[in-house]
Amino acid sequence: MASIVVYNIVNRSGFIQEKIGGSSLAQYAAMCLTFLIVYLSANAILRLRIFAHEHLLNILCSISCISLLPFMYICWRQDTKVAYGSADTYLWHMYPTVIVLVILVILALLYEMVADNLKIDEKAARYITGLYYVLIICSGGFLNHFPEYMSADYFHGSAVFNSVYNVMHGAPYGDITNSVYGNYALLLAIPMKFFGRGEYLCLSGVMAFLTMVSIGLCIYVIHNLIEHKDIRILCVASLLWVYIFRKSNYWQLYPMRILCPVILIAWMVFLNKQKNNNTGTFKRYAYRVITWLILVLSVVWNKESGIVCLIGYLVYAISQGIAGLYAREGTQIWEIILECLVMITSVPAAYMVIGLYNIAVGGQWITWQAFMFPLFSKRYMVDALMLGLWAGIWPWMAVTFLFLGEVCMLGLKILCREKIDPKECIYAATAVMGLGLMTYFMNRATYMNLTICYYEAIICIGGVVGRFKCSDYGSMISRTMRTLSLLVLVALVAGELLHFGNALYDRADSSKQEILELRDQIIEDAAEDTYAFGIDIPELYSILGWKTRSYTTDWADVFITQDAILSKIYGDLESEDTIITSKKTFERYEDVAEYVSSLFYIEKTYSYNENVEFYLMKRK
């Protein structure tokens, strides 16, 4: 409650906003810092044993737990007010909360009764569980498969494919050719060229496969971390929520920004299992090399999630080292420091990878400013893209407090020099990564952006159920946290089941015959490698097998370095007699449309669908 009060003071206070600039990240940091201070202070006071009577302490804890109920209710109701969301169309918001809550409680009770009384042979249970996991993985891949994304969400699909197209044609990274979403194209270009001839239709298959990998690794984490089988089943089923409720491709978040954190969490679980097997010296060093490579590739893939992975692993390594010191396992402080320093070199190593690629394709060595693009660009997250946080109580706070609670529980054990379960280090690292990923939502607080940390939240929610024991936390706290966690998981799964049919219907695949007919028409009318630029152009040229000769940042985000890109494009147009561009380019950039129309006229229009059209233009 104290952290919510501080957040709202920072949010509403004009004086504080003048001092800190009114940044959403500053408000978020203030709330998190307050939570940590209050949590640790309260526990320090309780450990002084000021309260001699256990009965009084239980009453205070009961009051604290009861205060969670109105907080969760407010978050529930505010769910429909988050920007660019469609939560008001969900069935659980269309009916009175009391009725919905009663139904959820009944479902939770029935589920627990069945789970407690269902007896299945252990061997058969393994086969059934494996089949269930495969079904969830395949469903996730199918739900995130949009073969003709130009018909579903051309804007976000084009932004992703543009970077891959540039790398497939050897364009070096630079001020006007950088990708907003990272250098993932270095890892995708070769398999796309080999398996899909570089056509944009292959991109959806790649993203569906990476989605399946993400879900599979998340299932691996849940299966090995969460002891209660009934909770595992709910956690695994709830992984599909993101893909069911997102009706178009938004690969920039999933799988792109969630892939590397899940890989790292799964790797930490694997390391924890190997630690108990007394691995030899060679294997230990080999595992550290693999860890370092994972971190390097994470930064290459996407800067934001890559740096979050690095911070998460440092939390894991330090807490594991401290646990080893407390357990007298022979761990030395210098070993912890050395491992952390080595892992930090993953950032300059990723920088060198991009630089070497540039040299290999005949470009110049990349600058640090270009490498970190667009994190420090003043034109990134501005105007319509920048949606600030609102005062009051909102759903994202519940997720934040979940992560902060995981971090604090481990932090308290470290401060009190208590024995640390290795799983607690993984949960804390997962929570830290969740907190880091949430900064994306802080800068653009739209409904589905909060799902950037959805996997981490599910893992932590499942962990709460198994880790809150009456002997450690008292009966009231344990029962309240377990009940809330179970209800949240039941609500997620129930929502998925209600909307699963609509999600399958929305994924109906359409024929690619239209784009192939359009390709044949353009081949007849235009010369090979006709100069082209704009939204959807890389997709069209990948089908044609042509080169655009105008390799730039994707046109969905071209505004970040617009002046430099337009200067390059306008310079190229001076020597061109024929060009190809798109209707969407002209609609989004009216100044570009005006300039190009002053030099060229539209000779022929090629219509793919009502949203996507291409123009063949000749010089006047």
# chains A, B, ... in the order shown; residues from 1 in each chain; ligands from 1
>>> residues_around(residues="Cys138 (chain A)", least_positions_apart="5", cutoff="9 Å", atoms="only C-alpha atoms", output="list in words")
Tyr133, Leu143 and Met212 of chain A
>>> write_last_selection(atoms="C-alpha atoms", output="mmCIF file, in the first residue's frame")
data_model
loop_
_atom_site.group_PDB
_atom_site.id
_atom_site.type_symbol
_atom_site.label_atom_id
_atom_site.label_comp_id
_atom_site.auth_asym_id
_atom_site.auth_seq_id
_atom_site.Cartn_x
_atom_site.Cartn_y
_atom_site.Cartn_z
ATOM 1 C CA TYR A 133 2.661 -30.871 -23.249
ATOM 2 C CA LEU A 143 -2.024 -19.736 -32.878
ATOM 3 C CA MET A 212 6.868 -23.538 -29.959
#
>>> residues_around(residues="Leu69 (chain A)", least_positions_apart="4", cutoff="12 Å", atoms="only C-alpha atoms", output="list of chain:residue names")
A:Ser62, A:Ile63, A:Ser64, A:Cys65, A:Tyr73, A:Ile74, A:Cys75, A:Trp76, A:Leu101, A:Ala398, A:Thr480, A:Met481, A:Thr483, A:Leu484
>>> residues_around(residues="Pro172 (chain A)", least_positions_apart="5", cutoff="9 Å", atoms="only C-alpha atoms", output="short mmCIF file (atom, residue, chain, number, x, y, z; two decimals) with C-alpha atoms, in the first residue's frame")
data_model
loop_
_atom_site.label_atom_id
_atom_site.label_comp_id
_atom_site.auth_asym_id
_atom_site.auth_seq_id
_atom_site.Cartn_x
_atom_site.Cartn_y
_atom_site.Cartn_z
CA ASN A 166 18.31 -6.36 -45.54
CA VAL A 167 20.67 -8.97 -44.09
CA THR A 177 19.74 0.62 -41.83
CA ASN A 178 19.42 -0.32 -38.16
CA ILE A 354 27.79 -6.86 -35.39
CA TYR A 357 29.33 -8.73 -39.89
CA ASN A 358 29.56 -5.18 -41.22
CA ILE A 359 33.17 -5.69 -42.27
CA ALA A 360 32.30 -9.03 -43.89
CA VAL A 361 29.63 -7.43 -46.13
CA GLY A 362 31.83 -4.48 -47.09
CA GLY A 363 30.50 -1.95 -44.61
CA GLN A 364 32.15 0.11 -41.88
CA ILE A 366 29.61 -0.09 -36.31
#
>>> atom_distance(atom1="CA of Val114 (chain A)", atom2="CA of Leu486 (chain A)")
14.5 Å
>>> select_by_dssp(residues="region 94-210 of chain A", states="alpha helix (DSSP H)", output="VMD selection string")
chain A and resid 94 97 to 117 122 to 143 149 to 168 185 to 196 201 to 210
>>> closest_residue(among="A:Ile222, A:Tyr454, A:Asn58, A:Ser24", to="Leu46 (chain A)", atoms="only C-alpha atoms")
A:Asn58
>>> residues_around(residues="Trp546 (chain A)", least_positions_apart="4", cutoff="7 Å", atoms="only C-alpha atoms", output="list of chain:residue names")
A:Glu528, A:Asp529, A:Tyr541, A:Ser542
>>> closest_residue(among="A:Thr129, A:Ala445, A:Ser550, A:Leu201", to="Ser151 (chain A)", atoms="only C-alpha atoms")
A:Leu201
>>> residues_around(residues="Ile263 (chain A)", least_positions_apart="3", cutoff="9 Å", atoms="only C-alpha atoms", output="PyMOL selection string")
chain A and resi 213-214+217-218+258-260+266-268+294
>>> write_last_selection(atoms="C-alpha atoms", output="compact mmCIF listing (two decimals), in the first residue's frame")
# COMPACT_ATOMS: atom_id res chain seq x y z
CA VAL A 213 10.45 -23.43 -28.67
CA SER A 214 9.50 -20.70 -26.18
CA LEU A 217 11.22 -24.32 -22.69
CA CYS A 218 8.67 -22.69 -20.40
CA ILE A 258 10.28 -13.40 -24.75
CA LEU A 259 12.47 -16.03 -26.44
CA CYS A 260 15.88 -15.27 -24.92
CA ALA A 266 15.45 -22.98 -18.80
CA TRP A 267 19.24 -23.03 -18.87
CA MET A 268 19.40 -21.99 -15.20
CA ILE A 294 23.54 -17.53 -24.60
>>> atom_distance(atom1="CA of Met31 (chain A)", atom2="CA of Ser3 (chain A)")
4.8 Å
>>> residues_around(residues="region 194-200 of chain A", least_positions_apart="3", cutoff="12 Å", atoms="only C-alpha atoms", output="PDB file with N, CA and C atoms, in the first residue's frame")
ATOM      1  N   PHE A 146       0.807 -16.832 -38.871  1.00  0.00           N
ATOM      2  CA  PHE A 146       0.034 -15.960 -39.769  1.00  0.00           C
ATOM      3  C   PHE A 146       0.754 -15.931 -41.118  1.00  0.00           C
ATOM      4  N   PRO A 147       0.519 -16.945 -41.965  1.00  0.00           N
ATOM      5  CA  PRO A 147       1.277 -17.073 -43.216  1.00  0.00           C
ATOM      6  C   PRO A 147       1.238 -15.810 -44.074  1.00  0.00           C
ATOM      7  N   GLU A 148       0.066 -15.245 -44.264  1.00  0.00           N
ATOM      8  CA  GLU A 148      -0.046 -14.026 -45.063  1.00  0.00           C
ATOM      9  C   GLU A 148      -0.337 -12.865 -44.122  1.00  0.00           C
ATOM     10  N   TYR A 149       0.700 -12.480 -43.384  1.00  0.00           N
ATOM     11  CA  TYR A 149       0.489 -11.466 -42.356  1.00  0.00           C
ATOM     12  C   TYR A 149       0.143 -10.102 -42.941  1.00  0.00           C
ATOM     13  N   MET A 150       0.360  -9.910 -44.234  1.00  0.00           N
ATOM     14  CA  MET A 150      -0.056  -8.639 -44.840  1.00  0.00           C
ATOM     15  C   MET A 150      -1.570  -8.494 -44.812  1.00  0.00           C
ATOM     16  N   TYR A 154      -0.128  -6.231 -41.495  1.00  0.00           N
ATOM     17  CA  TYR A 154       0.996  -5.946 -42.387  1.00  0.00           C
ATOM     18  C   TYR A 154       2.038  -5.062 -41.716  1.00  0.00           C
ATOM     19  N   GLY A 157       4.270  -7.026 -39.157  1.00  0.00           N
ATOM     20  CA  GLY A 157       4.971  -8.068 -39.892  1.00  0.00           C
ATOM     21  C   GLY A 157       6.039  -7.489 -40.799  1.00  0.00           C
ATOM     22  N   SER A 158       5.704  -6.407 -41.472  1.00  0.00           N
ATOM     23  CA  SER A 158       6.650  -5.761 -42.375  1.00  0.00           C
ATOM     24  C   SER A 158       7.861  -5.232 -41.626  1.00  0.00           C
ATOM     25  N   ALA A 159       7.631  -4.732 -40.413  1.00  0.00           N
ATOM     26  CA  ALA A 159       8.733  -4.195 -39.608  1.00  0.00           C
ATOM     27  C   ALA A 159       9.754  -5.275 -39.281  1.00  0.00           C
ATOM     28  N   VAL A 160       9.266  -6.487 -39.005  1.00  0.00           N
ATOM     29  CA  VAL A 160      10.173  -7.591 -38.678  1.00  0.00           C
ATOM     30  C   VAL A 160      10.895  -8.087 -39.929  1.00  0.00           C
ATOM     31  N   PHE A 161      10.142  -8.289 -41.006  1.00  0.00           N
ATOM     32  CA  PHE A 161      10.738  -8.887 -42.204  1.00  0.00           C
ATOM     33  C   PHE A 161      11.756  -7.961 -42.863  1.00  0.00           C
ATOM     34  N   ASN A 162      11.557  -6.669 -42.775  1.00  0.00           N
ATOM     35  CA  ASN A 162      12.453  -5.717 -43.416  1.00  0.00           C
ATOM     36  C   ASN A 162      13.903  -5.951 -43.010  1.00  0.00           C
ATOM     37  N   SER A 163      14.123  -6.183 -41.717  1.00  0.00           N
ATOM     38  CA  SER A 163      15.489  -6.388 -41.217  1.00  0.00           C
ATOM     39  C   SER A 163      16.085  -7.664 -41.781  1.00  0.00           C
ATOM     40  N   VAL A 164      15.270  -8.713 -41.856  1.00  0.00           N
ATOM     41  CA  VAL A 164      15.745  -9.989 -42.396  1.00  0.00           C
ATOM     42  C   VAL A 164      16.095  -9.830 -43.875  1.00  0.00           C
ATOM     43  N   TYR A 165      15.261  -9.111 -44.597  1.00  0.00           N
ATOM     44  CA  TYR A 165      15.495  -8.889 -46.033  1.00  0.00           C
ATOM     45  C   TYR A 165      16.815  -8.136 -46.239  1.00  0.00           C
ATOM     46  N   ASN A 166      17.068  -7.127 -45.417  1.00  0.00           N
ATOM     47  CA  ASN A 166      18.313  -6.360 -45.536  1.00  0.00           C
ATOM     48  C   ASN A 166      19.530  -7.262 -45.378  1.00  0.00           C
ATOM     49  N   VAL A 167      19.520  -8.102 -44.351  1.00  0.00           N
ATOM     50  CA  VAL A 167      20.672  -8.974 -44.086  1.00  0.00           C
ATOM     51  C   VAL A 167      20.817 -10.021 -45.179  1.00  0.00           C
ATOM     52  N   MET A 168      19.699 -10.548 -45.693  1.00  0.00           N
ATOM     53  CA  MET A 168      19.779 -11.533 -46.772  1.00  0.00           C
ATOM     54  C   MET A 168      20.454 -10.955 -48.006  1.00  0.00           C
ATOM     55  N   HIS A 169      20.398  -9.636 -48.151  1.00  0.00           N
ATOM     56  CA  HIS A 169      21.029  -8.995 -49.310  1.00  0.00           C
ATOM     57  C   HIS A 169      22.315  -8.251 -48.934  1.00  0.00           C
ATOM     58  N   ALA A 185      18.072 -10.536 -37.235  1.00  0.00           N
ATOM     59  CA  ALA A 185      18.132 -10.966 -38.635  1.00  0.00           C
ATOM     60  C   ALA A 185      19.406 -11.753 -38.931  1.00  0.00           C
ATOM     61  N   LEU A 188      18.423 -15.212 -38.312  1.00  0.00           N
ATOM     62  CA  LEU A 188      17.273 -15.723 -39.058  1.00  0.00           C
ATOM     63  C   LEU A 188      17.496 -15.779 -40.572  1.00  0.00           C
ATOM     64  N   ALA A 189      18.370 -14.932 -41.081  1.00  0.00           N
ATOM     65  CA  ALA A 189      18.496 -14.791 -42.536  1.00  0.00           C
ATOM     66  C   ALA A 189      18.907 -16.097 -43.219  1.00  0.00           C
ATOM     67  N   ILE A 190      19.893 -16.791 -42.663  1.00  0.00           N
ATOM     68  CA  ILE A 190      20.395 -18.006 -43.312  1.00  0.00           C
ATOM     69  C   ILE A 190      19.328 -19.107 -43.338  1.00  0.00           C
ATOM     70  N   PRO A 191      18.696 -19.448 -42.195  1.00  0.00           N
ATOM     71  CA  PRO A 191      17.653 -20.494 -42.275  1.00  0.00           C
ATOM     72  C   PRO A 191      16.476 -20.097 -43.154  1.00  0.00           C
ATOM     73  N   LEU A 203       8.578 -16.394 -43.046  1.00  0.00           N
ATOM     74  CA  LEU A 203       8.773 -15.738 -41.761  1.00  0.00           C
ATOM     75  C   LEU A 203       7.772 -16.232 -40.719  1.00  0.00           C
ATOM     76  N   SER A 204       6.532 -16.395 -41.124  1.00  0.00           N
ATOM     77  CA  SER A 204       5.513 -16.839 -40.185  1.00  0.00           C
ATOM     78  C   SER A 204       5.828 -18.232 -39.655  1.00  0.00           C
ATOM     79  N   GLY A 205       6.334 -19.099 -40.516  1.00  0.00           N
ATOM     80  CA  GLY A 205       6.709 -20.437 -40.079  1.00  0.00           C
ATOM     81  C   GLY A 205       7.846 -20.403 -39.068  1.00  0.00           C
ATOM     82  N   VAL A 206       8.820 -19.531 -39.326  1.00  0.00           N
ATOM     83  CA  VAL A 206       9.939 -19.387 -38.394  1.00  0.00           C
ATOM     84  C   VAL A 206       9.443 -18.889 -37.040  1.00  0.00           C
ATOM     85  N   MET A 207       8.557 -17.885 -37.055  1.00  0.00           N
ATOM     86  CA  MET A 207       8.045 -17.337 -35.804  1.00  0.00           C
ATOM     87  C   MET A 207       7.176 -18.355 -35.061  1.00  0.00           C
ATOM     88  N   LYS A 512      -2.351 -18.284 -51.055  1.00  0.00           N
ATOM     89  CA  LYS A 512      -1.309 -17.352 -51.466  1.00  0.00           C
ATOM     90  C   LYS A 512      -1.322 -17.139 -52.980  1.00  0.00           C
ATOM     91  N   ILE A 515      -1.100 -13.356 -54.262  1.00  0.00           N
ATOM     92  CA  ILE A 515       0.202 -12.686 -54.269  1.00  0.00           C
ATOM     93  C   ILE A 515       1.075 -13.225 -55.403  1.00  0.00           C
ATOM     94  N   LEU A 516       0.913 -14.489 -55.742  1.00  0.00           N
ATOM     95  CA  LEU A 516       1.690 -15.061 -56.848  1.00  0.00           C
ATOM     96  C   LEU A 516       1.223 -14.502 -58.189  1.00  0.00           C
ATOM     97  N   ASP A 536       5.759  -2.866 -46.950  1.00  0.00           N
ATOM     98  CA  ASP A 536       5.377  -4.065 -47.706  1.00  0.00           C
ATOM     99  C   ASP A 536       6.258  -4.319 -48.930  1.00  0.00           C
ATOM    100  N   ILE A 537       7.157  -3.424 -49.240  1.00  0.00           N
ATOM    101  CA  ILE A 537       8.010  -3.610 -50.416  1.00  0.00           C
ATOM    102  C   ILE A 537       8.973  -4.790 -50.247  1.00  0.00           C
ATOM    103  N   PRO A 538       9.649  -4.955 -49.099  1.00  0.00           N
ATOM    104  CA  PRO A 538      10.522  -6.132 -48.950  1.00  0.00           C
ATOM    105  C   PRO A 538       9.769  -7.447 -49.147  1.00  0.00           C
ATOM    106  N   GLU A 539       8.519  -7.515 -48.673  1.00  0.00           N
ATOM    107  CA  GLU A 539       7.727  -8.726 -48.858  1.00  0.00           C
ATOM    108  C   GLU A 539       7.491  -8.995 -50.340  1.00  0.00           C
ATOM    109  N   LEU A 540       7.085  -7.973 -51.060  1.00  0.00           N
ATOM    110  CA  LEU A 540       6.834  -8.113 -52.487  1.00  0.00           C
ATOM    111  C   LEU A 540       8.098  -8.541 -53.228  1.00  0.00           C
ATOM    112  N   TYR A 541       9.225  -7.907 -52.915  1.00  0.00           N
ATOM    113  CA  TYR A 541      10.466  -8.203 -53.621  1.00  0.00           C
ATOM    114  C   TYR A 541      11.047  -9.561 -53.227  1.00  0.00           C
ATOM    115  N   SER A 542      10.709 -10.050 -52.043  1.00  0.00           N
ATOM    116  CA  SER A 542      11.157 -11.396 -51.682  1.00  0.00           C
ATOM    117  C   SER A 542      10.454 -12.445 -52.534  1.00  0.00           C
ATOM    118  N   ILE A 543       9.191 -12.168 -52.896  1.00  0.00           N
ATOM    119  CA  ILE A 543       8.451 -13.057 -53.792  1.00  0.00           C
ATOM    120  C   ILE A 543       8.984 -12.949 -55.215  1.00  0.00           C
ATOM    121  N   LEU A 544       9.309 -11.733 -55.619  1.00  0.00           N
ATOM    122  CA  LEU A 544       9.851 -11.507 -56.964  1.00  0.00           C
ATOM    123  C   LEU A 544      11.264 -12.061 -57.118  1.00  0.00           C
ATOM    124  N   GLY A 545      12.000 -12.113 -55.991  1.00  0.00           N
ATOM    125  CA  GLY A 545      13.403 -12.499 -56.057  1.00  0.00           C
ATOM    126  C   GLY A 545      14.283 -11.356 -56.508  1.00  0.00           C
ATOM    127  N   TRP A 546      13.808 -10.109 -56.313  1.00  0.00           N
ATOM    128  CA  TRP A 546      14.532  -8.918 -56.748  1.00  0.00           C
ATOM    129  C   TRP A 546      15.180  -8.202 -55.558  1.00  0.00           C
ATOM    130  N   LYS A 547      16.042  -7.229 -55.898  1.00  0.00           N
ATOM    131  CA  LYS A 547      16.674  -6.370 -54.900  1.00  0.00           C
ATOM    132  C   LYS A 547      16.024  -4.985 -54.948  1.00  0.00           C
TER     133      LYS A 547
END
>>> residues_around(residues="region 322-334 of chain A", least_positions_apart="4", cutoff="8 Å", atoms="only C-alpha atoms", output="PDB file with N, CA and C atoms, in the first residue's frame")
ATOM      1  N   ILE A 318      25.108 -14.480  -8.472  1.00  0.00           N
ATOM      2  CA  ILE A 318      25.481 -13.930  -7.165  1.00  0.00           C
ATOM      3  C   ILE A 318      24.755 -14.646  -6.031  1.00  0.00           C
ATOM      4  N   LEU A 338      34.525 -12.977 -10.451  1.00  0.00           N
ATOM      5  CA  LEU A 338      35.116 -13.276 -11.757  1.00  0.00           C
ATOM      6  C   LEU A 338      34.048 -13.739 -12.749  1.00  0.00           C
ATOM      7  N   ILE A 414      19.143 -13.846   2.342  1.00  0.00           N
ATOM      8  CA  ILE A 414      20.558 -13.498   2.209  1.00  0.00           C
ATOM      9  C   ILE A 414      20.984 -12.596   3.361  1.00  0.00           C
ATOM     10  N   ARG A 417      21.311 -14.520   6.482  1.00  0.00           N
ATOM     11  CA  ARG A 417      22.269 -15.616   6.382  1.00  0.00           C
ATOM     12  C   ARG A 417      21.595 -16.973   6.620  1.00  0.00           C
ATOM     13  N   GLU A 418      20.416 -17.153   6.043  1.00  0.00           N
ATOM     14  CA  GLU A 418      19.696 -18.410   6.165  1.00  0.00           C
ATOM     15  C   GLU A 418      20.033 -19.320   4.992  1.00  0.00           C
ATOM     16  N   LYS A 419      19.722 -20.594   5.136  1.00  0.00           N
ATOM     17  CA  LYS A 419      19.958 -21.546   4.059  1.00  0.00           C
ATOM     18  C   LYS A 419      19.062 -21.215   2.875  1.00  0.00           C
ATOM     19  N   ILE A 420      19.642 -21.249   1.670  1.00  0.00           N
ATOM     20  CA  ILE A 420      18.919 -20.853   0.461  1.00  0.00           C
ATOM     21  C   ILE A 420      18.712 -22.062  -0.446  1.00  0.00           C
ATOM     22  N   ASP A 421      17.459 -22.294  -0.799  1.00  0.00           N
ATOM     23  CA  ASP A 421      17.139 -23.338  -1.776  1.00  0.00           C
ATOM     24  C   ASP A 421      17.545 -22.837  -3.161  1.00  0.00           C
ATOM     25  N   PRO A 422      18.290 -23.635  -3.952  1.00  0.00           N
ATOM     26  CA  PRO A 422      18.696 -23.195  -5.298  1.00  0.00           C
ATOM     27  C   PRO A 422      17.528 -22.737  -6.161  1.00  0.00           C
TER      28      PRO A 422
END
>>> closest_residue(among="A:Thr430, A:Asn272, A:Asn502, A:Gln27", to="Val5 (chain A)", atoms="only C-alpha atoms")
A:Gln27
